[in-house]
Amino acid sequence: MQLPINIDYSGKVVVITGAGGLICGAMARAFAQSGAKVAALDLNEDAVKKLADELKSEGFICEGYRANVLDPDTLEQVHQAVLSDLGPCDILVNGAGGNNPRATTDNEYQHEAKEGGKTFFDLQADGVDFVFKLNFQGTLLPTQTFARDMAENKAGCILNISSMNAYTPLTKIPAYSAAKAGISNFTQWLATHFAGTGIRCNAIAPGFLVSAQNYKLLFNEDGSPTERSAKILNGTPMGRFVDASELLGATLFLCDNRAASAITGVVLPIDCGFAAYSGV
């Protein structure tokens with residue numbers, strides 16, 4: 001993979017949650033190619049083991065670990081394994097997150113609801129609770145676990161994954177939008193809280209990417225774009241979706257203590273201009 005910028009991360013230990021997915025898997029590869037020792041964490045152990053094996057076969061340093069970001073005990077077990085295998089954490093990327101069908105409505109507007117469809121009034125409390133836990137606690141708990149290394153070393157960087165939903169909530173996904181707004185707020189809180197320890201905390205807010213999570217919202221069964229896709233692209237000045245590779249430049253930049261030494265508490269949109277367009 002060709003990197004968008006060249007930053008030397010040799011000797012740095014980078015822990016990435018959600019590394020079994022599209023976005024964070026690409027981040028893991030980018031950090032490894034930049035010389036870092038990468039700990040790839042995911043609930044899907046097969047995915048991160050495969051990623052680690054691929055990177056190691058190419059001469060890079062990466063270890064894959066099964067991790068449940070909602071379980072403090074298993075996170076600490078992984079923490080101890082990372083300490084033994086790679087060393088203390090220098091950079092933490094909180095990439096685990098996602099939505100759930102139980103927290104999603106079928107229609108954009110209540111007055112358009114059809115009989116038998118799932119409306120706002122049908123959202124399941126356990127589904128909403130799961131989305132909030134996965135996104136917010138799934139960021140808080142790994143930070144509690146791995147940022148201890150940074151605090152002891154008086155240096156480090158935390159990168160959270162917010163979303164354009166955090167700026168303007170999208171229809172159909174109220175819990176996910178609100179949870180990501182919480183991540184943006186939490187990023188600022190962490191930046192302030194850790195300001196005197198040498199730890200910086202920022203976030204990126206990706207725009208619309210095509211992934212396994214949202215494919216059915218963006219494309220019909222025959223592969224044609226949905227009405228929702230048309231709305232997205234019409235509201236995006238660049239007229240296209242964001243590619244996962246386009247998040248890597250900002251990621252590598254924000255996590256570098258030389259290039260971004262005075263940047264903390266920032267949530268950077270990477271959205272092909274979506275947030276800038278008023279619709280007219």
# chains A, B, ... in the order shown; residues from 1 in each chain; ligands from 1
call {"tool": "select_by_dssp", "arguments": {"residues": "segment 22-140 of chain A", "states": "alpha helix (DSSP H)", "output": "PyMOL selection string"}}
result
chain A and resi 22-33+45-57+72-85+125-132+138-140
call {"tool": "write_last_selection", "arguments": {"atoms": "C-alpha atoms", "output": "short mmCIF file (atom, residue, chain, number, x, y, z; two decimals), in the first residue's frame"}}
result
data_model
loop_
_atom_site.label_atom_id
_atom_site.label_comp_id
_atom_site.auth_asym_id
_atom_site.auth_seq_id
_atom_site.Cartn_x
_atom_site.Cartn_y
_atom_site.Cartn_z
CA LEU A 22 -12.08 -1.96 6.76
CA ILE A 23 -11.01 1.40 8.19
CA CYS A 24 -8.89 0.29 11.12
CA GLY A 25 -7.36 -2.58 9.20
CA ALA A 26 -6.04 -0.02 6.72
CA MET A 27 -4.77 2.09 9.62
CA ALA A 28 -2.96 -0.91 11.09
CA ARG A 29 -1.24 -1.51 7.77
CA ALA A 30 -0.29 2.17 7.43
CA PHE A 31 1.29 2.31 10.88
CA ALA A 32 3.12 -0.98 10.31
CA GLN A 33 4.50 0.25 7.00
CA GLU A 45 -9.85 -12.94 16.29
CA ASP A 46 -9.55 -14.62 12.89
CA ALA A 47 -9.61 -11.25 11.11
CA VAL A 48 -6.79 -9.69 13.16
CA LYS A 49 -4.70 -12.87 13.15
CA LYS A 50 -4.96 -12.92 9.36
CA LEU A 51 -4.00 -9.24 9.20
CA ALA A 52 -1.03 -9.81 11.51
CA ASP A 53 0.16 -12.81 9.50
CA GLU A 54 -0.05 -10.83 6.25
CA LEU A 55 1.93 -7.92 7.66
CA LYS A 56 4.55 -10.15 9.26
CA SER A 57 5.00 -12.01 5.97
CA PRO A 72 -12.37 -4.34 31.22
CA ASP A 73 -10.94 -7.66 32.43
CA THR A 74 -10.20 -9.04 28.98
CA LEU A 75 -8.87 -5.66 27.89
CA GLU A 76 -6.37 -5.76 30.74
CA GLN A 77 -5.37 -9.30 29.75
CA VAL A 78 -4.70 -8.04 26.23
CA HIS A 79 -2.84 -5.06 27.68
CA GLN A 80 -0.50 -7.36 29.53
CA ALA A 81 0.02 -9.45 26.39
CA VAL A 82 0.86 -6.32 24.38
CA LEU A 83 3.31 -5.20 27.06
CA SER A 84 5.02 -8.58 26.87
CA ASP A 85 5.00 -8.88 23.08
CA ALA A 125 -34.12 -0.07 24.25
CA ASP A 126 -31.55 -2.85 24.32
CA GLY A 127 -30.51 -2.03 20.76
CA VAL A 128 -30.07 1.65 21.55
CA ASP A 129 -28.17 0.74 24.71
CA PHE A 130 -25.88 -1.57 22.73
CA VAL A 131 -25.03 1.17 20.22
CA PHE A 132 -24.20 3.65 22.98
CA GLY A 138 -15.94 0.97 23.60
CA THR A 139 -13.78 4.10 23.47
CA LEU A 140 -13.66 4.89 27.19
#
call {"tool": "residues_around", "arguments": {"residues": "Leu254 of chain A", "least_positions_apart": "3", "cutoff": "10 Å", "atoms": "only C-alpha atoms", "output": "VMD selection string"}}
result
chain A and resid 157 to 159 200 to 204 248 to 251 257 to 264 266 268
call {"tool": "write_last_selection", "arguments": {"atoms": "C-alpha atoms", "output": "compact mmCIF listing (two decimals), in the first residue's frame"}}
result
# COMPACT_ATOMS: atom_id res chain seq x y z
CA CYS A 157 -1.53 10.13 21.46
CA ILE A 158 -5.13 8.97 21.39
CA LEU A 159 -7.12 9.04 18.15
CA ARG A 200 -2.78 14.50 23.05
CA CYS A 201 -6.27 13.37 22.02
CA ASN A 202 -7.93 14.06 18.67
CA ALA A 203 -10.52 12.46 16.43
CA ILE A 204 -11.33 12.11 12.78
CA LEU A 248 -4.74 7.59 6.47
CA GLY A 249 -3.02 10.92 5.85
CA ALA A 250 -4.90 12.63 8.67
CA THR A 251 -4.39 9.61 10.94
CA ASN A 257 4.11 14.21 18.14
CA ARG A 258 6.37 16.32 15.95
CA ALA A 259 4.02 17.26 13.12
CA ALA A 260 0.96 17.75 15.35
CA SER A 261 2.59 18.65 18.66
CA ALA A 262 0.18 21.54 19.40
CA ILE A 263 -2.96 19.88 18.08
CA THR A 264 -5.27 18.38 20.68
CA VAL A 266 -9.66 18.55 17.38
CA LEU A 268 -11.27 16.65 11.80
call {"tool": "atom_distance", "arguments": {"atom1": "atom CA of Gly35 of chain A", "atom2": "atom CA of Gly11 of chain A"}}
result
7.1 Å
call {"tool": "residues_around", "arguments": {"residues": "segment 231-242 of chain A", "least_positions_apart": "3", "cutoff": "9 Å", "atoms": "only C-alpha atoms", "output": "ChimeraX atom specification"}}
result
/A:206-210,226-228,245-247,270-279
call {"tool": "select_by_dssp", "arguments": {"residues": "segment 135-176 of chain A", "states": "strand (DSSP E or B)", "output": "count of residues only"}}
result
6
call {"tool": "closest_residue", "arguments": {"among": "A:Leu92, A:Ala19, A:Ala179, A:Ala147", "to": "Phe194 of chain A", "atoms": "only C-alpha atoms"}}
result
A:Ala147
call {"tool": "closest_residue", "arguments": {"among": "A:Thr105, A:Asn44, A:Gln137, A:Gly265", "to": "Gln188 of chain A", "atoms": "only C-alpha atoms"}}
result
A:Gly265
call {"tool": "closest_residue", "arguments": {"among": "A:Leu3, A:Asn68, A:Glu108, A:Pro101", "to": "Pro169 of chain A", "atoms": "only C-alpha atoms"}}
result
A:Glu108
call {"tool": "decode", "arguments": {"residues": "segment 265-277 of chain A", "atoms": "all heavy atoms", "output": "PDB file, in the first residue's frame"}}
result
ATOM      1  N   GLY A 265      -7.636  17.963  20.991  1.00  0.00           N
ATOM      2  CA  GLY A 265      -9.036  18.339  21.134  1.00  0.00           C
ATOM      3  C   GLY A 265      -9.727  18.650  19.815  1.00  0.00           C
ATOM      4  O   GLY A 265     -10.816  19.215  19.798  1.00  0.00           O
ATOM      5  N   VAL A 266      -9.116  18.254  18.704  1.00  0.00           N
ATOM      6  CA  VAL A 266      -9.655  18.549  17.376  1.00  0.00           C
ATOM      7  C   VAL A 266     -10.427  17.346  16.840  1.00  0.00           C
ATOM      8  O   VAL A 266     -10.001  16.207  17.012  1.00  0.00           O
ATOM      9  CB  VAL A 266      -8.501  18.906  16.404  1.00  0.00           C
ATOM     10  CG1 VAL A 266      -8.962  18.861  14.956  1.00  0.00           C
ATOM     11  CG2 VAL A 266      -7.939  20.273  16.741  1.00  0.00           C
ATOM     12  N   VAL A 267     -11.540  17.616  16.189  1.00  0.00           N
ATOM     13  CA  VAL A 267     -12.290  16.586  15.459  1.00  0.00           C
ATOM     14  C   VAL A 267     -12.256  16.999  13.983  1.00  0.00           C
ATOM     15  O   VAL A 267     -12.867  17.989  13.597  1.00  0.00           O
ATOM     16  CB  VAL A 267     -13.736  16.453  15.947  1.00  0.00           C
ATOM     17  CG1 VAL A 267     -14.461  15.355  15.181  1.00  0.00           C
ATOM     18  CG2 VAL A 267     -13.773  16.173  17.446  1.00  0.00           C
ATOM     19  N   LEU A 268     -11.528  16.256  13.181  1.00  0.00           N
ATOM     20  CA  LEU A 268     -11.274  16.645  11.796  1.00  0.00           C
ATOM     21  C   LEU A 268     -12.226  15.945  10.827  1.00  0.00           C
ATOM     22  O   LEU A 268     -12.180  14.724  10.687  1.00  0.00           O
ATOM     23  CB  LEU A 268      -9.825  16.309  11.427  1.00  0.00           C
ATOM     24  CG  LEU A 268      -9.402  16.601   9.987  1.00  0.00           C
ATOM     25  CD1 LEU A 268      -9.467  18.105   9.699  1.00  0.00           C
ATOM     26  CD2 LEU A 268      -7.994  16.077   9.722  1.00  0.00           C
ATOM     27  N   PRO A 269     -13.072  16.697  10.131  1.00  0.00           N
ATOM     28  CA  PRO A 269     -13.950  16.079   9.129  1.00  0.00           C
ATOM     29  C   PRO A 269     -13.150  15.640   7.898  1.00  0.00           C
ATOM     30  O   PRO A 269     -12.277  16.363   7.423  1.00  0.00           O
ATOM     31  CB  PRO A 269     -14.923  17.204   8.749  1.00  0.00           C
ATOM     32  CG  PRO A 269     -14.787  18.235   9.818  1.00  0.00           C
ATOM     33  CD  PRO A 269     -13.371  18.128  10.291  1.00  0.00           C
ATOM     34  N   ILE A 270     -13.462  14.447   7.403  1.00  0.00           N
ATOM     35  CA  ILE A 270     -12.888  13.956   6.148  1.00  0.00           C
ATOM     36  C   ILE A 270     -14.076  13.453   5.340  1.00  0.00           C
ATOM     37  O   ILE A 270     -14.451  12.282   5.406  1.00  0.00           O
ATOM     38  CB  ILE A 270     -11.867  12.835   6.408  1.00  0.00           C
ATOM     39  CG1 ILE A 270     -10.810  13.305   7.426  1.00  0.00           C
ATOM     40  CG2 ILE A 270     -11.189  12.408   5.119  1.00  0.00           C
ATOM     41  CD1 ILE A 270      -9.862  12.205   7.873  1.00  0.00           C
ATOM     42  N   ASP A 271     -14.704  14.355   4.581  1.00  0.00           N
ATOM     43  CA  ASP A 271     -16.076  14.100   4.122  1.00  0.00           C
ATOM     44  C   ASP A 271     -16.383  14.527   2.698  1.00  0.00           C
ATOM     45  O   ASP A 271     -17.555  14.599   2.322  1.00  0.00           O
ATOM     46  CB  ASP A 271     -17.045  14.790   5.079  1.00  0.00           C
ATOM     47  CG  ASP A 271     -16.923  16.314   5.036  1.00  0.00           C
ATOM     48  OD1 ASP A 271     -15.916  16.831   4.500  1.00  0.00           O
ATOM     49  OD2 ASP A 271     -17.837  17.003   5.536  1.00  0.00           O
ATOM     50  N   CYS A 272     -15.366  14.828   1.900  1.00  0.00           N
ATOM     51  CA  CYS A 272     -15.596  15.282   0.513  1.00  0.00           C
ATOM     52  C   CYS A 272     -16.473  16.531   0.458  1.00  0.00           C
ATOM     53  O   CYS A 272     -17.164  16.774  -0.528  1.00  0.00           O
ATOM     54  CB  CYS A 272     -16.206  14.170  -0.337  1.00  0.00           C
ATOM     55  SG  CYS A 272     -15.093  12.799  -0.684  1.00  0.00           S
ATOM     56  N   GLY A 273     -16.451  17.326   1.524  1.00  0.00           N
ATOM     57  CA  GLY A 273     -17.179  18.591   1.549  1.00  0.00           C
ATOM     58  C   GLY A 273     -18.599  18.517   2.033  1.00  0.00           C
ATOM     59  O   GLY A 273     -19.321  19.521   2.016  1.00  0.00           O
ATOM     60  N   PHE A 274     -19.054  17.350   2.524  1.00  0.00           N
ATOM     61  CA  PHE A 274     -20.456  17.176   2.929  1.00  0.00           C
ATOM     62  C   PHE A 274     -20.900  18.221   3.953  1.00  0.00           C
ATOM     63  O   PHE A 274     -21.973  18.817   3.833  1.00  0.00           O
ATOM     64  CB  PHE A 274     -20.660  15.757   3.485  1.00  0.00           C
ATOM     65  CG  PHE A 274     -22.064  15.449   3.871  1.00  0.00           C
ATOM     66  CD1 PHE A 274     -22.989  15.037   2.920  1.00  0.00           C
ATOM     67  CD2 PHE A 274     -22.484  15.567   5.190  1.00  0.00           C
ATOM     68  CE1 PHE A 274     -24.304  14.750   3.280  1.00  0.00           C
ATOM     69  CE2 PHE A 274     -23.786  15.270   5.556  1.00  0.00           C
ATOM     70  CZ  PHE A 274     -24.708  14.862   4.594  1.00  0.00           C
ATOM     71  N   ALA A 275     -20.070  18.462   4.973  1.00  0.00           N
ATOM     72  CA  ALA A 275     -20.463  19.391   6.040  1.00  0.00           C
ATOM     73  C   ALA A 275     -20.475  20.843   5.584  1.00  0.00           C
ATOM     74  O   ALA A 275     -21.114  21.693   6.212  1.00  0.00           O
ATOM     75  CB  ALA A 275     -19.521  19.237   7.233  1.00  0.00           C
ATOM     76  N   ALA A 276     -19.776  21.128   4.487  1.00  0.00           N
ATOM     77  CA  ALA A 276     -19.668  22.518   4.026  1.00  0.00           C
ATOM     78  C   ALA A 276     -20.836  22.958   3.158  1.00  0.00           C
ATOM     79  O   ALA A 276     -21.037  24.147   2.929  1.00  0.00           O
ATOM     80  CB  ALA A 276     -18.363  22.694   3.250  1.00  0.00           C
ATOM     81  N   TYR A 277     -21.628  22.007   2.682  1.00  0.00           N
ATOM     82  CA  TYR A 277     -22.653  22.310   1.680  1.00  0.00           C
ATOM     83  C   TYR A 277     -24.000  22.506   2.333  1.00  0.00           C
ATOM     84  O   TYR A 277     -24.476  21.656   3.083  1.00  0.00           O
ATOM     85  CB  TYR A 277     -22.713  21.159   0.666  1.00  0.00           C
ATOM     86  CG  TYR A 277     -23.685  21.357  -0.473  1.00  0.00           C
ATOM     87  CD1 TYR A 277     -23.726  22.547  -1.178  1.00  0.00           C
ATOM     88  CD2 TYR A 277     -24.553  20.331  -0.846  1.00  0.00           C
ATOM     89  CE1 TYR A 277     -24.598  22.713  -2.244  1.00  0.00           C
ATOM     90  CE2 TYR A 277     -25.438  20.482  -1.897  1.00  0.00           C
ATOM     91  CZ  TYR A 277     -25.469  21.685  -2.592  1.00  0.00           C
ATOM     92  OH  TYR A 277     -26.324  21.834  -3.644  1.00  0.00           O
TER      93      TYR A 277
END
